file entry.csv (CSV, C-alpha atoms)
chain,number,residue,atom,x,y,z
C,1400,MET,CA,60.4,89.2,100.2
C,1401,ALA,CA,60.2,89.3,104.0
C,1402,ALA,CA,58.1,86.2,104.1
C,1403,VAL,CA,59.4,83.3,106.2
C,1404,HIS,CA,60.3,80.7,103.6
C,1405,GLU,CA,59.7,77.4,105.1
C,1406,ASN,CA,56.9,76.2,107.3
C,1407,PRO,CA,58.5,75.4,110.6
C,1408,LEU,CA,56.4,72.4,111.0
C,1409,ALA,CA,57.2,70.9,107.6
C,1410,GLN,CA,60.2,69.2,109.1
C,1411,PHE,CA,57.9,66.8,110.9
C,1412,THR,CA,56.2,65.5,107.7
C,1413,ILE,CA,56.3,61.8,107.3
C,1414,GLU,CA,57.5,60.9,103.8
C,1415,ARG,CA,57.1,57.4,102.3
C,1416,LEU,CA,60.5,56.4,101.0
C,1417,VAL,CA,59.6,52.9,100.0
C,1418,PRO,CA,55.8,52.6,99.6
C,1419,ILE,CA,54.6,49.2,100.9
C,1420,HIS,CA,50.9,48.2,101.0
C,1421,ILE,CA,49.9,44.9,102.5
C,1422,GLY,CA,46.2,44.1,102.4
C,1423,GLY,CA,45.0,47.7,102.6
C,1424,LEU,CA,47.5,48.5,105.4
C,1425,ASP,CA,50.0,51.2,104.7
C,1426,VAL,CA,53.3,49.9,106.1
C,1427,SER,CA,55.6,52.0,104.0
C,1428,PHE,CA,59.2,52.5,104.9
C,1429,THR,CA,59.2,56.1,105.9
C,1430,ASN,CA,61.8,58.7,106.9
C,1431,SER,CA,60.8,58.1,110.5
C,1432,ALA,CA,61.4,54.3,110.1
C,1433,LEU,CA,64.7,55.0,108.3
C,1434,LEU,CA,66.0,57.1,111.3
C,1435,MET,CA,64.8,54.4,113.7
C,1436,THR,CA,66.6,51.8,111.8
C,1437,ILE,CA,69.8,53.9,111.6
C,1438,SER,CA,69.7,54.5,115.4
C,1439,GLY,CA,69.2,50.8,116.1
C,1440,VAL,CA,71.9,49.8,113.8
C,1441,LEU,CA,74.2,52.5,115.1
C,1442,VAL,CA,73.8,51.5,118.7
C,1443,THR,CA,74.3,47.8,118.0
C,1444,GLY,CA,77.2,48.4,115.7
C,1445,LEU,CA,79.0,50.8,118.0
C,1446,LEU,CA,78.6,48.6,121.0
C,1447,MET,CA,79.7,45.4,119.1
C,1448,LEU,CA,82.6,47.0,117.4
C,1449,ALA,CA,83.9,48.8,120.5
C,1450,THR,CA,83.8,45.6,122.6
C,1451,ARG,CA,85.1,43.3,119.9
C,1452,LYS,CA,88.7,43.3,121.3
C,1453,ALA,CA,87.8,43.5,125.0
C,1454,ALA,CA,90.8,44.2,127.1
C,1455,LEU,CA,91.1,44.4,130.9
C,1456,VAL,CA,92.3,47.9,130.6
C,1457,PRO,CA,89.9,49.5,128.2
C,1458,GLY,CA,91.1,51.5,125.3
C,1459,ARG,CA,89.4,54.7,124.0
C,1460,TRP,CA,86.7,52.8,122.1
C,1461,GLN,CA,86.0,50.2,124.7
C,1462,SER,CA,85.6,52.9,127.4
C,1463,ILE,CA,82.5,54.3,125.7
C,1464,PRO,CA,80.3,51.2,126.2
C,1465,GLU,CA,81.7,50.8,129.7
C,1466,MET,CA,80.8,54.3,130.7
C,1467,LEU,CA,77.4,53.9,129.2
C,1468,TYR,CA,77.0,50.6,131.0
C,1469,GLU,CA,78.0,52.1,134.4
C,1470,PHE,CA,75.8,55.1,133.9
C,1471,VAL,CA,72.7,53.0,133.2
C,1472,ALA,CA,73.5,50.4,135.9
C,1473,LYS,CA,74.2,53.0,138.5
C,1474,TYR,CA,72.2,56.1,137.9
C,1475,LEU,CA,69.2,54.6,136.1
C,1476,ILE,CA,68.7,51.3,137.9
C,1477,ASP,CA,70.6,51.2,141.2
C,1478,ASP,CA,69.4,54.7,142.3
C,1479,THR,CA,65.8,54.0,141.5
C,1480,VAL,CA,65.0,50.3,141.6
C,1481,GLY,CA,68.0,49.0,143.6
C,1482,PRO,CA,70.0,45.9,143.0
C,1483,GLU,CA,67.0,43.7,142.2
C,1484,GLY,CA,66.3,45.9,139.2
C,1485,GLN,CA,69.6,44.8,137.5
C,1486,ARG,CA,67.8,42.0,135.7
C,1487,TYR,CA,65.9,44.7,133.8
C,1488,PHE,CA,69.1,46.3,132.7
C,1489,PRO,CA,68.8,45.3,129.0
C,1490,PHE,CA,65.4,47.0,128.9
C,1491,ALA,CA,66.6,50.2,130.5
C,1492,PHE,CA,69.7,50.3,128.4
C,1493,THR,CA,67.9,49.7,125.1
C,1494,LEU,CA,65.3,52.3,125.9
C,1495,PHE,CA,67.9,54.9,126.9
C,1496,MET,CA,70.1,54.4,123.9
C,1497,PHE,CA,67.3,54.3,121.4
C,1498,VAL,CA,65.7,57.5,122.6
C,1499,LEU,CA,69.1,59.2,123.0
C,1500,LEU,CA,70.2,58.3,119.5
C,1501,GLY,CA,66.8,59.4,118.2
C,1502,ASN,CA,67.1,62.7,119.8
C,1503,LEU,CA,70.7,63.3,118.8
C,1504,LEU,CA,70.4,62.0,115.2
C,1505,GLY,CA,67.4,64.4,114.8
C,1506,LEU,CA,69.7,67.3,115.4
C,1507,ILE,CA,71.7,66.6,112.3
C,1508,PRO,CA,70.5,69.0,109.6
C,1509,TYR,CA,68.2,67.5,107.0
C,1510,SER,CA,67.6,64.4,109.1
C,1511,PHE,CA,64.4,63.7,110.9
C,1512,VAL,CA,63.6,63.5,114.6
C,1513,PHE,CA,61.3,60.5,115.2
C,1514,THR,CA,61.0,61.3,118.9
C,1515,GLY,CA,59.2,64.4,117.8
C,1516,GLN,CA,56.3,62.2,116.6
C,1517,ILE,CA,53.7,61.8,119.3
C,1518,ILE,CA,52.8,58.3,118.1
C,1519,VAL,CA,56.4,57.1,118.4
C,1520,CYS,CA,56.7,58.4,122.0
C,1521,PHE,CA,53.3,57.1,122.9
C,1522,GLY,CA,54.1,53.7,121.4
C,1523,LEU,CA,57.2,53.5,123.6
C,1524,SER,CA,55.5,54.6,126.7
C,1525,ILE,CA,52.4,52.5,126.4
C,1526,ALA,CA,54.7,49.5,125.9
C,1527,ILE,CA,56.5,50.4,129.1
C,1528,PHE,CA,53.2,51.0,130.9
C,1529,ILE,CA,51.7,47.6,129.9
C,1530,GLY,CA,55.0,45.8,130.6
C,1531,VAL,CA,55.4,47.4,134.1
C,1532,THR,CA,51.8,46.7,135.0
C,1533,VAL,CA,52.2,43.0,133.9
C,1534,ILE,CA,55.4,42.8,136.0
C,1535,GLY,CA,53.6,44.2,139.0
C,1536,PHE,CA,50.8,41.6,138.6
C,1537,MET,CA,53.2,38.8,138.1
C,1538,ARG,CA,55.2,39.7,141.2
C,1539,HIS,CA,52.4,40.5,143.5
C,1540,GLY,CA,49.3,39.0,142.0
C,1541,PHE,CA,46.1,40.8,142.9
C,1542,ARG,CA,47.9,42.4,145.9
C,1543,PHE,CA,49.3,44.8,143.2
C,1544,LEU,CA,45.9,46.6,143.4
C,1545,THR,CA,46.6,47.7,147.0
C,1546,PHE,CA,49.1,50.0,145.3
C,1547,PHE,CA,46.1,52.3,144.7
C,1548,VAL,CA,45.0,52.3,148.4
C,1549,PRO,CA,46.9,54.8,150.6
C,1550,HIS,CA,47.5,53.5,154.1
C,1551,GLY,CA,46.5,55.3,157.3
C,1552,VAL,CA,43.7,57.2,155.7
C,1553,PRO,CA,40.1,57.4,157.0
C,1554,LYS,CA,37.7,55.1,155.1
C,1555,VAL,CA,35.6,58.0,153.9
C,1556,LEU,CA,38.5,59.7,152.2
C,1557,LEU,CA,39.3,56.5,150.3
C,1558,VAL,CA,36.3,57.2,148.1
C,1559,LEU,CA,38.1,60.3,146.9
C,1560,LEU,CA,41.7,59.1,147.0
C,1561,VAL,CA,41.5,55.8,145.2
C,1562,PRO,CA,40.1,57.4,142.0
C,1563,ILE,CA,42.9,60.0,142.2
C,1564,GLU,CA,45.5,57.3,142.6
C,1565,VAL,CA,44.1,55.3,139.7
C,1566,LEU,CA,43.9,58.4,137.5
C,1567,SER,CA,47.4,59.4,138.3
C,1568,TYR,CA,48.6,55.9,137.5
C,1569,CYS,CA,46.7,55.7,134.2
C,1570,ILE,CA,48.0,59.1,132.9
C,1571,ARG,CA,51.6,57.9,133.2
C,1572,PRO,CA,52.0,56.8,129.6
C,1573,LEU,CA,50.5,60.1,128.4
C,1574,THR,CA,52.7,62.3,130.6
C,1575,LEU,CA,55.7,60.2,129.7
C,1576,SER,CA,55.1,60.5,125.9
C,1577,ILE,CA,54.0,64.1,125.9
C,1578,ARG,CA,57.0,65.2,127.8
C,1579,LEU,CA,59.4,63.8,125.3
C,1580,PHE,CA,57.4,64.6,122.2
C,1581,ALA,CA,56.7,68.2,123.3
C,1582,ASN,CA,60.3,69.0,124.2
C,1583,MET,CA,61.7,67.6,120.9
C,1584,MET,CA,59.0,69.2,118.7
C,1585,ALA,CA,59.2,72.6,120.4
C,1586,GLY,CA,63.0,72.7,120.2
C,1587,HIS,CA,63.1,71.8,116.5
C,1588,THR,CA,60.3,74.2,115.6
C,1589,MET,CA,62.1,77.0,117.4
C,1590,LEU,CA,65.3,76.2,115.5
C,1591,VAL,CA,63.6,76.4,112.1
C,1592,ILE,CA,61.6,79.6,113.1
C,1593,PHE,CA,64.8,81.4,113.9
C,1594,ALA,CA,66.6,80.0,110.9
C,1595,GLY,CA,63.7,81.4,108.8
C,1596,PHE,CA,64.5,84.9,110.0
C,1597,VAL,CA,68.1,84.8,108.7
C,1598,VAL,CA,67.5,85.4,105.0
C,1599,PRO,CA,64.7,87.9,105.2
C,1600,LEU,CA,66.6,90.0,107.8
C,1601,GLY,CA,70.0,89.5,106.1
C,1602,THR,CA,68.9,90.7,102.7
C,1603,LEU,CA,67.6,94.0,104.3
C,1604,TYR,CA,70.7,94.7,106.4
C,1605,PHE,CA,73.7,92.5,107.1
C,1606,LEU,CA,74.0,92.9,110.9
C,1607,PRO,CA,70.4,92.0,111.9
C,1608,GLY,CA,70.7,88.9,109.8
C,1609,LEU,CA,73.5,87.8,111.9
C,1610,PHE,CA,71.4,88.0,115.1
C,1611,PRO,CA,69.1,85.0,114.4
C,1612,ILE,CA,72.2,82.9,113.4
C,1613,VAL,CA,73.8,83.6,116.8
C,1614,VAL,CA,70.5,82.7,118.5
C,1615,ASP,CA,70.2,79.5,116.4
C,1616,VAL,CA,73.7,78.4,117.4
C,1617,LEU,CA,73.0,79.0,121.0
C,1618,LEU,CA,69.6,77.2,120.6
C,1619,PHE,CA,71.4,74.3,119.0
C,1620,PHE,CA,73.5,73.8,122.1
C,1621,LEU,CA,70.4,74.0,124.3
C,1622,GLU,CA,68.9,71.4,122.1
C,1623,LEU,CA,71.9,69.1,122.6
C,1624,LEU,CA,71.4,69.4,126.3
C,1625,VAL,CA,67.6,68.8,126.0
C,1626,ALA,CA,68.2,65.8,123.8
C,1627,VAL,CA,70.4,64.1,126.3
C,1628,LEU,CA,68.4,65.2,129.3
C,1629,GLN,CA,65.1,64.0,127.8
C,1630,ALA,CA,66.5,60.6,127.0
C,1631,TYR,CA,67.7,60.4,130.6
C,1632,VAL,CA,64.3,61.6,132.0
C,1633,PHE,CA,62.4,59.1,129.8
C,1634,ALA,CA,64.5,56.2,130.9
C,1635,ILE,CA,64.6,57.1,134.6
C,1636,LEU,CA,60.9,57.5,134.7
C,1637,ALA,CA,60.5,54.1,133.1
C,1638,CYS,CA,62.8,52.8,135.9
C,1639,LEU,CA,60.8,54.6,138.6
C,1640,TYR,CA,57.6,53.0,137.3
C,1641,LEU,CA,59.3,49.6,137.4
C,1642,ASN,CA,60.4,50.3,140.9
C,1643,ASP,CA,56.7,50.9,141.9
C,1644,ALA,CA,55.8,47.6,140.3
C,1645,ILE,CA,58.6,45.7,142.1
C,1646,HIS,CA,58.6,47.4,145.5
C,1647,LEU,CA,54.9,47.6,146.3
C,1648,HIS,CA,55.0,50.3,149.0
Z,884,MET,CA,87.2,15.6,123.8
Z,885,ASP,CA,86.3,18.3,126.3
Z,886,GLU,CA,85.8,16.9,129.8
Z,887,ARG,CA,83.2,19.5,130.8
Z,888,ASP,CA,80.2,19.6,128.6
Z,889,PRO,CA,78.9,23.0,127.7
Z,890,LEU,CA,75.8,22.7,129.9
Z,891,ALA,CA,78.0,22.2,133.1
Z,892,SER,CA,80.0,25.3,132.4
Z,893,LEU,CA,76.7,27.2,131.8
Z,894,ARG,CA,75.5,25.9,135.2
Z,895,ASP,CA,78.7,27.1,136.8
Z,896,LEU,CA,78.1,30.5,135.3
Z,897,GLY,CA,74.5,30.5,136.5
Z,898,THR,CA,75.5,29.7,140.1
Z,899,GLY,CA,78.2,32.3,140.0
Z,900,LEU,CA,75.8,35.0,138.7
Z,901,GLU,CA,73.3,34.0,141.4
Z,902,ARG,CA,75.9,34.3,144.2
Z,903,ALA,CA,77.0,37.7,142.9
Z,904,ARG,CA,73.4,38.9,142.7
Z,905,GLN,CA,72.7,37.8,146.2
Z,906,GLY,CA,75.8,39.7,147.4
Z,907,ARG,CA,74.8,42.8,145.6
Z,908,ILE,CA,71.3,42.7,147.1
Z,909,ARG,CA,72.6,42.2,150.6
Z,910,GLU,CA,75.1,45.0,150.5
Z,911,GLY,CA,73.1,47.3,148.2
Z,912,GLY,CA,70.5,48.4,150.8
Z,913,ALA,CA,72.6,51.1,152.5
Z,914,LEU,CA,74.0,52.4,149.2
Z,915,ARG,CA,70.6,53.0,147.7
Z,916,ARG,CA,69.0,56.4,147.7
Z,917,GLY,CA,72.3,58.1,148.4
Z,918,ASN,CA,72.6,61.7,147.4
Z,919,SER,CA,75.1,60.9,144.6
Z,920,ALA,CA,72.6,61.5,141.8
Z,921,GLU,CA,70.5,64.1,143.5
Z,922,THR,CA,72.4,67.2,142.2
Z,923,GLY,CA,72.5,65.8,138.7
Z,924,ASN,CA,68.9,65.0,138.9
Z,925,ALA,CA,67.8,68.6,139.7
Z,926,LEU,CA,67.6,69.6,136.1
Z,927,GLY,CA,65.9,66.4,135.1
Z,928,LEU,CA,63.4,66.9,137.8
Z,929,ALA,CA,62.6,70.4,136.5
Z,930,PHE,CA,61.9,68.9,133.1
Z,931,ARG,CA,59.9,66.1,134.5
Z,932,ILE,CA,57.3,68.1,136.5
Z,933,SER,CA,56.7,70.6,133.7
Z,934,VAL,CA,53.9,68.6,132.0
Z,935,GLU,CA,52.6,66.6,134.9
Z,936,LEU,CA,49.8,69.0,136.0
Z,937,VAL,CA,48.6,70.0,132.6
Z,938,VAL,CA,48.3,66.5,131.2
Z,939,ALA,CA,46.5,65.3,134.3
Z,940,ILE,CA,43.8,67.9,134.0
Z,941,VAL,CA,43.5,67.5,130.2
Z,942,VAL,CA,43.2,63.7,130.4
Z,943,ALA,CA,40.7,63.8,133.3
Z,944,VAL,CA,38.5,66.3,131.5
Z,945,GLY,CA,38.7,64.1,128.4
Z,946,ILE,CA,37.5,61.1,130.5
Z,947,GLY,CA,34.7,63.2,132.0
Z,948,TRP,CA,33.6,64.4,128.6
Z,949,ALA,CA,33.6,60.8,127.3
Z,950,ILE,CA,31.6,59.6,130.2
Z,951,ASP,CA,29.1,62.4,129.7
Z,952,ARG,CA,28.7,61.5,126.0
Z,953,TRP,CA,28.2,57.9,126.9
Z,954,LEU,CA,25.8,58.3,129.8
Z,955,GLY,CA,24.3,61.6,128.9
Z,956,THR,CA,25.0,63.2,132.2
Z,957,ARG,CA,26.1,66.4,130.6
Z,958,PRO,CA,28.0,68.7,132.8
Z,959,TRP,CA,28.6,66.5,135.8
Z,960,GLY,CA,31.1,64.0,134.6
Z,961,MET,CA,33.3,66.8,133.3
Z,962,ILE,CA,33.0,68.8,136.5
Z,963,VAL,CA,33.8,65.8,138.8
Z,964,PHE,CA,36.7,64.6,136.6
Z,965,PHE,CA,38.1,68.2,136.4
Z,966,PHE,CA,38.6,68.3,140.1
Z,967,LEU,CA,39.9,64.7,140.2
Z,968,GLY,CA,42.4,65.7,137.5
Z,969,ILE,CA,43.5,68.7,139.6
Z,970,GLY,CA,43.9,66.3,142.5
Z,971,ALA,CA,45.9,63.8,140.5
Z,972,GLY,CA,48.1,66.4,139.0
Z,973,LEU,CA,48.9,68.1,142.3
Z,974,VAL,CA,49.6,64.7,143.9
Z,975,ASN,CA,52.0,63.8,141.0
Z,976,VAL,CA,53.8,67.2,141.2
Z,977,TYR,CA,54.0,67.1,145.0
Z,978,ARG,CA,55.4,63.6,144.9
Z,979,ALA,CA,58.0,64.5,142.3
Z,980,ILE,CA,59.1,67.5,144.3
Z,981,ALA,CA,59.1,65.9,147.7
Z,982,GLY,CA,61.0,63.0,146.3
Z,983,LEU,CA,59.0,60.7,148.5
Z,984,GLY,CA,57.6,58.4,145.8
Z,985,LYS,CA,59.1,60.2,142.8
Z,986,ALA,CA,56.2,58.9,140.8
Z,987,ALA,CA,52.5,58.1,141.1
Z,988,GLY,CA,51.5,55.9,144.0
Z,989,PRO,CA,51.1,56.3,147.7
Z,990,ARG,CA,54.5,56.4,149.5
Z,991,GLY,CA,56.4,57.9,152.3
Z,992,ARG,CA,54.4,56.7,155.2
Z,993,GLY,CA,57.0,54.1,156.3
Z,994,ALA,CA,59.8,54.2,158.8
Z,995,PRO,CA,61.8,57.2,157.4
Z,996,ASP,CA,58.9,59.5,157.8
Z,997,THR,CA,58.1,58.7,161.4
Z,998,GLY,CA,61.8,58.8,162.2
Z,999,SER,CA,62.2,62.4,160.9
Z,1000,LEU,CA,59.1,63.4,162.9
Z,1001,GLU,CA,60.6,62.0,166.1
Z,1002,GLU,CA,63.8,63.9,165.5
Z,1003,ASP,CA,61.8,67.1,165.1
Z,1004,GLU,CA,60.1,66.5,168.5
Z,1005,ASP,CA,63.5,66.1,170.1
call {"tool": "encode", "arguments": {"input": "entry.csv", "output": "structure tokens"}}
result
Amino acid sequence: MAAVHENPLAQFTIERLVPIHIGGLDVSFTNSALLMTISGVLVTGLLMLATRKAALVPGRWQSIPEMLYEFVAKYLIDDTVGPEGQRYFPFAFTLFMFVLLGNLLGLIPYSFVFTGQIIVCFGLSIAIFIGVTVIGFMRHGFRFLTFFVPHGVPKVLLVLLVPIEVLSYCIRPLTLSIRLFANMMAGHTMLVIFAGFVVPLGTLYFLPGLFPIVVDVLLFFLELLVAVLQAYVFAILACLYLNDAIHLH
Amino acid sequence: MDERDPLASLRDLGTGLERARQGRIREGGALRRGNSAETGNALGLAFRISVELVVAIVVAVGIGWAIDRWLGTRPWGMIVFFFLGIGAGLVNVYRAIAGLGKAAGPRGRGAPDTGSLEEDED
């Protein structure tokens, strides 16, 4: 009776909603894809509806996209890349909104957190990594490689330092993706573990059963904070990498 | 019936945007790296550095292991890359905390650094 009823990791199971197989490839429409579609549609819809009747003095709805715009333009881009980075605004904004919506939608009970899938986070971050490296090479040509050579260091030490720099550059997509994935997965697992204590404890005595509920409510607010913060961290790190590619030293 | 063809108005918009962008770049230098976002960033920073060290070591050891498998140099690739991983992880953590480069890549050897040193000597 006291067994924990649901496997806390079962919430991350990918389920095929519409099975599609094309030439031996499984491209089924899954619950993960569904949530990604919802967040994409939601962002686009919200922004388009809210700015449909654009006024000089923004109303309640119009002020949402304006605040988001200013946040991304100022804190994500201006503070990291500087004014030259504004041309990459659409990239930063899309990235931030997609991850933010993914994190927040995942907190709705019975939905699915696609940012808790390592492959989704890794796909996003490897795309950022490749894109930023290409931008670096396009802007600086092969001079971009001097990024890995620290200045003012004795030649002997370069043998040691250049591999360290290259390594610390190449692990960027991994740290970027693991940071987001681990935070989301750990938080959601914790929520379900504590929720699993509610019924077994509550059927024994009423009061101890209340305790995990209180913890879960508090955890939920923590997860709201983590969801917003991780989206911010993900986007700001992408901007910092972009800054490295644009301002070589 | 319209005197201005749509391309001309687009060109006008383009030149206007370019002028605005130049203005921003010129006046933006001093505003950059203000401390406006620093306090808000503290929590973000704490979350950022949490995985940096671990992932660096894990990835480096993985690379070392793969090299060993490929070249048959059994413990050596793993040992060398283990220490390289520690180095890379520490460098990343240090840069994140010091706020010099905030990310991978050599930084902080330019004018601001020497400036602060000279102030210290005074």
call {"tool": "atom_distance", "arguments": {"input": "entry.csv", "atom1": "atom CA of Asp1643 of chain C", "atom2": "atom CA of Arg1538 of chain C"}}
result
11.3 Å
call {"tool": "closest_residue", "arguments": {"input": "entry.csv", "among": "Z:Leu896, Z:Ala891, Z:Ala925, Z:Val942", "to": "Ile969 of chain Z", "atoms": "all atoms listed in the file"}}
result
Z:Val942
call {"tool": "atom_distance", "arguments": {"input": "entry.csv", "atom1": "atom CA of Glu1564 of chain C", "atom2": "atom CA of Tyr977 of chain Z"}}
result
13.2 Å
call {"tool": "interface_residues", "arguments": {"input": "entry.csv", "of": "chain C", "to": "chain Z", "cutoff": "9 Å", "atoms": "all atoms listed in the file", "output": "number ranges by chain"}}
result
C: 1474, 1477-1483, 1485, 1546-1551, 1559-1560, 1562-1568, 1570-1571, 1573-1575, 1577-1578, 1628-1629, 1631-1633, 1636, 1639-1640, 1643, 1648
call {"tool": "residues_around", "arguments": {"input": "entry.csv", "residues": "Tyr1468 of chain C", "least_positions_apart": "2", "cutoff": "12 Å", "atoms": "only C-alpha atoms", "output": "PyMOL selection string"}}
result
chain C and resi 1446+1450+1461-1466+1470-1476+1485+1488-1489+1491-1493+1495-1496
call {"tool": "atom_distance", "arguments": {"input": "entry.csv", "atom1": "atom CA of Leu1623 of chain C", "atom2": "atom CA of Leu1503 of chain C"}}
result
7.0 Å
call {"tool": "residues_around", "arguments": {"input": "entry.csv", "residues": "Tyr1509 of chain C", "least_positions_apart": "4", "cutoff": "12 Å", "atoms": "only C-alpha atoms", "output": "MDAnalysis selection string"}}
result
chainID C and resid 1409:1411 1430 1434 1504:1505 1587 1591
